[in-house]
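Shown next: run.txt, given as compact mmCIF, C-alpha atoms.
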```
# COMPACT_ATOMS: atom_id res chain seq x y z
CA MET A 1 -8.79 17.69 -4.98
CA SER A 2 -5.08 18.54 -4.93
CA LEU A 3 -2.58 16.38 -6.76
CA ILE A 4 -1.58 13.32 -4.74
CA PRO A 5 2.24 13.08 -4.43
CA PRO A 6 3.58 9.88 -6.11
CA HIS A 7 5.60 8.84 -3.05
CA VAL A 8 2.46 8.90 -0.86
CA SER A 9 0.59 6.72 -3.37
CA ALA A 10 3.59 4.37 -3.51
CA MET A 11 3.61 4.12 0.28
CA PHE A 12 -0.08 3.24 0.30
CA ILE A 13 0.38 0.61 -2.44
CA ALA A 14 3.21 -0.91 -0.40
CA LEU A 15 0.91 -1.04 2.63
CA VAL A 16 -1.86 -2.79 0.69
CA PHE A 17 0.43 -5.42 -0.82
CA GLY A 18 2.20 -5.78 2.52
CA VAL A 19 -1.14 -6.68 4.10
CA ALA A 20 -1.85 -9.10 1.23
CA PHE A 21 1.55 -10.73 1.83
CA ILE A 22 0.81 -11.02 5.55
CA ILE A 23 -2.46 -12.78 4.71
CA LEU A 24 -0.58 -15.32 2.57
CA ILE A 25 2.01 -15.89 5.29
CA ALA A 26 -0.80 -16.32 7.83
CA ILE A 27 -2.45 -18.93 5.61
CA TYR A 28 0.82 -20.85 5.27
CA VAL A 29 1.70 -20.76 8.98
CA THR A 30 -1.85 -21.59 10.09
CA CYS A 31 -2.12 -24.53 7.72
CA LYS A 32 1.26 -25.87 8.81
CA LYS A 33 0.25 -25.54 12.45
CA ALA A 34 -2.98 -27.43 11.75
CA ASN A 35 -1.15 -30.17 9.79
CA VAL A 36 -3.02 -29.38 6.58
CA PRO A 37 -1.89 -31.60 3.68
CA GLY A 38 0.52 -29.95 1.22
CA LYS A 39 -1.87 -30.12 -1.72
CA THR A 40 -4.67 -28.48 0.29
CA LEU A 41 -2.27 -25.79 1.49
CA ARG A 42 -1.28 -24.99 -2.10
CA ASN A 43 -4.94 -24.82 -3.10
CA TYR A 44 -5.77 -22.44 -0.24
CA SER A 45 -2.82 -20.22 -1.12
CA LEU A 46 -3.72 -20.19 -4.81
CA VAL A 47 -7.34 -19.28 -4.09
CA ALA A 48 -6.22 -16.49 -1.76
CA ILE A 49 -3.75 -15.06 -4.30
CA ILE A 50 -6.22 -15.15 -7.18
CA SER A 51 -9.06 -13.73 -5.07
CA MET A 52 -7.03 -10.82 -3.70
CA LEU A 53 -5.44 -9.91 -7.04
CA ALA A 54 -8.79 -10.16 -8.81
CA TRP A 55 -10.50 -7.93 -6.24
CA LEU A 56 -7.71 -5.35 -6.32
CA ALA A 57 -7.88 -5.36 -10.12
CA VAL A 58 -11.66 -4.93 -10.17
CA THR A 59 -11.54 -1.99 -7.78
CA LEU A 60 -8.67 -0.50 -9.78
CA PHE A 61 -10.83 -0.73 -12.90
CA ILE A 62 -13.59 1.12 -11.05
CA THR A 63 -11.28 4.09 -10.51
CA ARG A 64 -10.65 4.24 -14.26
CA THR A 65 -14.29 4.38 -15.30
CA SER A 66 -17.21 6.62 -14.44
CA MET A 67 -19.63 3.69 -14.61
CA PHE A 68 -19.71 3.11 -10.85
CA ARG A 69 -20.34 6.78 -10.06
CA HIS A 70 -23.83 6.52 -11.52
CA ILE A 71 -24.87 3.97 -8.88
CA GLY A 72 -26.62 5.63 -5.95
CA THR A 73 -25.12 8.57 -4.08
CA SER A 74 -21.41 9.30 -3.68
CA GLN A 75 -21.60 8.08 -0.07
CA LEU A 76 -23.29 4.80 -1.02
CA GLN A 77 -20.69 3.83 -3.62
CA PRO A 78 -17.78 3.12 -1.23
CA VAL A 79 -20.14 1.17 1.01
CA LEU A 80 -21.01 -1.05 -1.95
CA LEU A 81 -17.30 -1.70 -2.45
CA MET A 82 -17.14 -3.10 1.07
CA LEU A 83 -19.96 -5.58 0.58
CA PRO A 84 -18.05 -8.32 -1.33
CA PRO A 85 -15.15 -8.59 1.18
CA LEU A 86 -17.59 -8.39 4.09
CA ALA A 87 -19.61 -11.21 2.53
CA VAL A 88 -16.42 -13.28 2.33
CA ILE A 89 -15.72 -12.52 6.00
CA VAL A 90 -19.21 -13.66 7.02
CA ALA A 91 -18.81 -16.86 4.99
CA LEU A 92 -15.45 -17.63 6.59
CA MET A 93 -16.69 -16.93 10.11
CA ALA A 94 -19.60 -19.32 9.50
CA SER A 95 -17.40 -22.04 7.97
CA PRO A 96 -16.67 -25.03 10.29
CA ARG A 97 -13.53 -25.84 8.29
CA PHE A 98 -12.16 -22.30 8.64
CA ASN A 99 -12.96 -22.25 12.36
CA LYS A 100 -11.17 -25.55 12.81
CA LEU A 101 -8.21 -24.20 10.87
CA ILE A 102 -7.70 -21.06 12.97
CA GLU A 103 -8.40 -22.73 16.31
CA PRO A 104 -4.68 -23.23 17.11
CA VAL A 105 -3.85 -19.58 16.30
CA ASP A 106 -3.31 -17.46 19.40
CA ASN A 107 -5.27 -14.23 19.72
CA PHE A 108 -1.90 -12.46 20.06
CA TRP A 109 -1.58 -12.37 16.26
CA PHE A 110 -5.08 -11.09 15.55
CA ILE A 111 -4.40 -8.22 17.94
CA TYR A 112 -0.80 -7.50 16.99
CA LEU A 113 -1.48 -7.23 13.24
CA GLN A 114 -3.74 -4.23 13.90
CA ALA A 115 -0.50 -2.23 14.09
CA TYR A 116 -0.77 -1.82 10.30
CA ARG A 117 -3.16 1.04 11.07
CA ILE A 118 -0.25 3.22 12.23
CA LEU A 119 1.10 3.44 8.68
CA ARG A 120 -2.36 3.96 7.22
CA GLU A 121 -3.03 6.89 9.52
CA PHE A 122 0.42 8.32 8.82
CA ILE A 123 -0.42 8.25 5.10
CA LEU A 124 -3.67 10.10 5.78
CA LEU A 125 -1.69 12.69 7.73
CA LEU A 126 0.65 13.14 4.76
CA LEU A 127 -2.35 13.61 2.47
CA PHE A 128 -3.58 16.34 4.79
CA ARG A 129 -0.14 18.00 4.79
CA TYR A 130 -0.29 18.08 0.99
CA SER A 131 -3.82 19.60 1.14
CA VAL A 132 -5.40 16.51 -0.43
CA ILE A 133 -7.83 15.83 2.44
CA PRO A 134 -9.21 17.96 5.32
CA SER A 135 -7.87 17.61 8.88
CA ALA A 136 -11.12 15.94 10.02
CA MET A 137 -10.00 12.77 8.22
CA THR A 138 -6.71 12.56 10.13
CA MET A 139 -5.44 12.07 13.68
CA GLU A 140 -5.39 15.87 13.99
CA GLY A 141 -9.14 15.96 13.55
CA LYS A 142 -11.81 13.44 14.51
CA ASN A 143 -9.97 10.29 13.40
CA PHE A 144 -8.49 8.47 16.42
CA ASP A 145 -7.91 5.16 14.65
CA VAL A 146 -4.15 5.48 15.09
CA LEU A 147 -4.63 4.77 18.82
CA ILE A 148 -5.66 1.20 17.98
CA GLY A 149 -2.51 0.71 15.91
CA ILE A 150 -0.27 2.15 18.62
CA THR A 151 -1.83 0.12 21.44
CA ALA A 152 -2.06 -3.14 19.45
CA PRO A 153 1.44 -4.44 20.39
CA PHE A 154 0.83 -3.69 24.08
CA VAL A 155 -2.63 -5.30 24.14
CA ALA A 156 -1.22 -8.34 22.32
CA TYR A 157 1.64 -8.64 24.83
CA TYR A 158 -0.62 -8.48 27.89
CA TRP A 159 -3.04 -10.93 26.30
CA PHE A 160 -0.12 -13.32 25.79
CA LYS A 161 1.03 -12.88 29.40
CA SER A 162 -2.33 -13.14 31.16
CA LYS A 163 -5.32 -14.28 29.12
CA LYS A 164 -7.67 -14.93 32.01
CA TRP A 165 -8.04 -11.48 33.58
CA TYR A 166 -7.29 -9.61 30.39
CA ARG A 167 -10.22 -11.01 28.39
CA PRO A 168 -12.74 -8.24 29.31
CA LEU A 169 -10.23 -5.49 28.47
CA THR A 170 -9.35 -7.17 25.17
CA LEU A 171 -13.04 -7.34 24.29
CA VAL A 172 -13.47 -3.62 25.02
CA TRP A 173 -10.35 -2.81 22.98
CA ASN A 174 -11.74 -4.72 19.99
CA LEU A 175 -15.14 -3.04 20.22
CA VAL A 176 -13.49 0.37 20.37
CA GLY A 177 -11.35 -0.62 17.37
CA LEU A 178 -14.44 -1.53 15.36
CA PHE A 179 -16.01 1.81 16.30
CA PHE A 180 -12.88 3.67 15.18
CA ILE A 181 -12.96 1.91 11.79
CA LEU A 182 -16.56 2.97 11.31
CA ASN A 183 -15.68 6.48 12.44
CA THR A 184 -12.81 6.65 9.93
CA LEU A 185 -15.05 5.48 7.12
CA TYR A 186 -17.72 7.97 8.13
CA SER A 187 -15.15 10.78 8.02
CA LEU A 188 -14.05 9.69 4.56
CA PHE A 189 -17.61 9.35 3.25
CA TYR A 190 -18.75 12.64 4.78
CA GLN A 191 -16.06 14.59 2.96
CA MET A 192 -17.01 13.23 -0.46
CA PRO A 193 -18.63 15.48 -3.07
CA GLY A 194 -22.33 16.02 -2.36
CA ALA A 195 -22.13 14.73 1.21
CA ASN A 196 -22.23 18.13 2.88
CA ASP A 197 -22.25 21.84 2.23
CA MET A 198 -18.65 22.35 3.31
CA ASP A 199 -16.10 23.92 1.01
CA VAL A 200 -13.53 21.18 1.67
CA GLN A 201 -14.58 18.03 -0.14
CA ASN A 202 -12.67 15.36 -2.01
CA ASP A 203 -13.07 12.19 -3.99
CA LEU A 204 -10.06 10.40 -2.48
CA LEU A 205 -11.90 7.08 -2.33
CA PHE A 206 -12.24 7.09 -6.11
CA SER A 207 -8.58 7.86 -6.69
CA PHE A 208 -6.02 5.14 -7.32
CA PRO A 209 -4.81 3.54 -5.10
CA PHE A 210 -6.93 4.87 -2.21
CA ILE A 211 -10.05 3.06 -3.36
CA TRP A 212 -8.39 0.10 -1.62
CA MET A 213 -8.95 1.76 1.75
CA PRO A 214 -12.67 0.88 2.04
CA SER A 215 -12.51 -2.14 -0.26
CA PHE A 216 -9.48 -3.94 1.24
CA LEU A 217 -7.83 -2.40 4.31
CA ALA A 218 -11.01 -1.62 6.27
CA PRO A 219 -12.43 -5.15 5.84
CA PHE A 220 -9.04 -6.57 6.89
CA GLY A 221 -9.16 -4.58 10.13
CA ILE A 222 -12.78 -5.61 10.75
CA PHE A 223 -11.89 -9.27 10.14
CA LEU A 224 -9.02 -9.15 12.66
CA HIS A 225 -11.32 -7.64 15.29
CA LEU A 226 -14.00 -10.28 14.73
CA LEU A 227 -11.45 -13.09 14.94
CA SER A 228 -10.04 -11.59 18.13
CA ILE A 229 -13.48 -11.21 19.72
CA ARG A 230 -14.22 -14.84 18.92
CA LYS A 231 -10.97 -15.84 20.63
CA VAL A 232 -11.94 -13.85 23.72
CA PHE A 233 -14.99 -16.07 24.17
CA GLN A 234 -13.24 -19.27 23.14
CA LYS A 235 -12.29 -21.73 25.86
CA GLU A 236 -8.67 -22.81 26.02
CA GLU A 237 -8.73 -26.30 24.59
CA THR A 238 -6.27 -28.53 22.80
CA PRO A 239 -7.16 -28.26 19.10
CA GLU A 240 -8.00 -31.37 17.15
CA PRO A 241 -5.96 -32.29 14.06
CA TYR A 242 -7.13 -30.84 10.76
CA LEU A 243 -9.88 -32.95 9.21
CA ASN A 244 -10.06 -32.94 5.43
CA VAL A 245 -13.81 -33.49 5.16
```
Could you render the structure from this file as structure tokens?
Amino acid sequence: MSLIPPHVSAMFIALVFGVAFIILIAIYVTCKKANVPGKTLRNYSLVAIISMLAWLAVTLFITRTSMFRHIGTSQLQPVLLMLPPLAVIVALMASPRFNKLIEPVDNFWFIYLQAYRILREFILLLLFRYSVIPSAMTMEGKNFDVLIGITAPFVAYYWFKSKKWYRPLTLVWNLVGLFFILNTLYSLFYQMPGANDMDVQNDLLFSFPFIWMPSFLAPFGIFLHLLSIRKVFQKEETPEPYLNV
């Protein structure tokens, strides 16, 4: 694999920590909206900060050791990195307290935040320009994920303006977005060493900081889609006050 330019890595790091900051802001705003007590809000924020930093540190450690590369095939390894955050997502989606907490949040935000994918796809395009990855992993090849990022502000706006008739289209948009995430991951996994007989292969997903793509950014996008889909099926009701039970 060609040398990754420092400014591209710095841009990706900024994107990851920008998403982490957005998550913290979302926790603060959501808790305030739900009238969560100050002490509980601080505890939620502290847990989120420690959990995200710990996970980013663990995955960073993985890039510095060959230990993980001996587990399964090269395509299985990034999938394993997705399991812990996906398990957290499942636990949150099944939590009555979490569901009560996000009930007042409009679907506009779950849709709009998908715009982060524009920068991610731009970074992939830069990596292709520097001959780090093949074109199949970018918007010039088979990766159309940037379309979700570009359309996110428009879908969010029309959802905000007319929820009733726009629900079916929002559902389709979310399902397509989930498919595009899976397609992006497949493109990344398929180009890894040992995945195919092609001459152009790379181990980008085991290079710092791009290991955070399957282990942090992809689960974030999946989580937003799942929250948005839930909102599509949710009836418009006045949310109850937060219950500290």
Kindly assemble as a tab-separated table a list of the range 147-173 of chain A residues that lie within 9 Å of range 97-120 of chain A, each paired with its nearest atom pair and their distance in Å to one decimal, using all atoms listed in the file, sorted first by chain and then by ascending residue number.
```
residue	atom	partner	partner_atom	distance
A:Leu147	CA	A:Ile118	CA	8.1
A:Ile148	CA	A:Gln114	CA	7.1
A:Gly149	CA	A:Ala115	CA	4.0
A:Ile150	CA	A:Ala115	CA	6.3
A:Thr151	CA	A:Ala115	CA	7.8
A:Ala152	CA	A:Tyr112	CA	5.2
A:Pro153	CA	A:Tyr112	CA	5.1
A:Phe154	CA	A:Tyr112	CA	8.2
A:Val155	CA	A:Ile111	CA	7.1
A:Ala156	CA	A:Phe108	CA	4.7
A:Tyr157	CA	A:Phe108	CA	7.1
A:Tyr158	CA	A:Phe108	CA	8.9
A:Trp159	CA	A:Phe108	CA	6.5
A:Phe160	CA	A:Phe108	CA	6.1
A:Thr170	CA	A:Ile111	CA	8.8
```
Exercise for review: Using only C-alpha atoms, determine which residues lie at most 10 Å from Thr40 in chain A, disregarding the query and same-chain residues fewer than 4 positions distant; provide the list as number ranges by chain.
Suggested key: A: 31, 36, 44-46, 244
Check your understanding: If we count all atoms listed in the file, what is near range 13-15 of chain A at a cut-off of 10 Å, once residues fewer than 4 positions away on the same chain are taken out, given as a list in words?
Key ->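 Once the nearby chain positions are removed, what remains is His7, Val8, Ser9, Val19, Ala20, Phe21, Tyr116, Arg117, Leu119, Arg120, Ile123, Phe208, Pro209, Phe210, Trp212 and Leu217 of chain A.
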Check your understanding: So which one's closest to Glu121 in chain A, A:Leu204, A:Ile181, A:Leu53, A:Leu81? Using only C-alpha atoms, please.
Key ->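 Looking at the shortest contact to Glu121 in chain A, the residue is A:Ile181.
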Review point. What separation in Å, quoted to one decimal, exists between CA of Ile222 in chain A and CA of Val172 in chain A?
Key: 14.4 Å
